[in-house]
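Worksheet: one structure, shown below.
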Amino acid sequence: MELKYFDLRGAGETCRLILAIAGKDFKDTRFPFQPDFGGAFKDAKESGELKVNMQRAPVMVLEDGSTFGQSKAIDGISRFPFQPDFGGAFKDAKESGELKMNMQRAPVIVLEDGSTFGQSKAIERYLSRKFGLMGSGEVEAALVDCLAENVRDVFEKQYNKGFGFFGPGTDEEKAALKKEWFDTELPMWLGKLEDSVAAISTTKGFAVGSALTYADIAIFRLLKDGMADEKEITAKAAEACPNLNAIADGVAANPKVVKWLSERPETPF
């Protein structure tokens, strides 16, 4: 079995966690990721425009031509174009047709018999069914699905807030959006998620039933597997959510999860 995704956690990490929990050996193919700031940034470096900030941005040019750098000393900045560069391996995979089942995107999974399909949620559900992580019976499976979708809604709310790595706006604008999200909006959404879990959970530390499910893994990813600089503020936002915290702590303590987290490559997100 082979999972193809970028060298990031992103939309592929829940799949990897499920495989790790199942104890399934798999080929973890990772397409390299690095930022590409385009020709304008390269030209600015080569011309010496950024030398006052050691060939980095931002740099401020005043009316008299004076130039200085370091973001903390600048009120406003101009922008160089930014787009991710996923490298030749990703381009080759697209051109060879390896990613056509996800419309030339990742992730894609390749099974032992050669069957291939994409879409992260389809892969997550397939793996969860295969490895017994969808609960016991059709009703529990529906409840697991429901909670996993609730978690996805919270992730999407956060992404659409616009303060992330690829979000538009200045650093100051994104900082304000981020504060609003973690101080006000995330606690509200986690409260709603807590209520939905509390309504069906019968065993402390498990969202559905009395064994680990896909829903528990999704909750762990939401509360404990985000950006490094957001873990503390996420924990604060979840302070009033005892069920969610018990579930996330239980997944974090799972020996197979501990092993995976200690061995996986370090990535920014």
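Residue names in the structure tokens use chain letters A, B, ... in the order shown, residue numbers from 1 in each chain, and ligand numbers from 1 in the order shown.
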
Query - alpha helix (DSSP H) residues, from DSSP on the backbone, in stretch 55-263 of chain A, as a ChimeraX atom specification - result: /A:87-96,120-130,137-161,171-180,186-200,214-224,231-237,242-253,255-263

Requested in this report: May I have the residues within 12 Å of A:Lys179 as a VMD selection string, using only C-alpha atoms and disregarding those fewer than 4 positions away in the same chain?
Outcome: chain A and resid 158 161 to 163 172 to 175 183 to 187 230 233 to 234 237

Query raised in the report: Could you pull the residues within 7 Å of A:Asp7, counting only C-alpha atoms, minus those fewer than 2 positions along the same chain, as a list in words?
Result: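 Those residues are Tyr5, Arg30, Phe31, Pro32, Phe33 and Thr267 of chain A.
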
Report summary line: note - atom CA of A:Arg129 and atom CA of A:Phe206 are separated by 17.2 Å
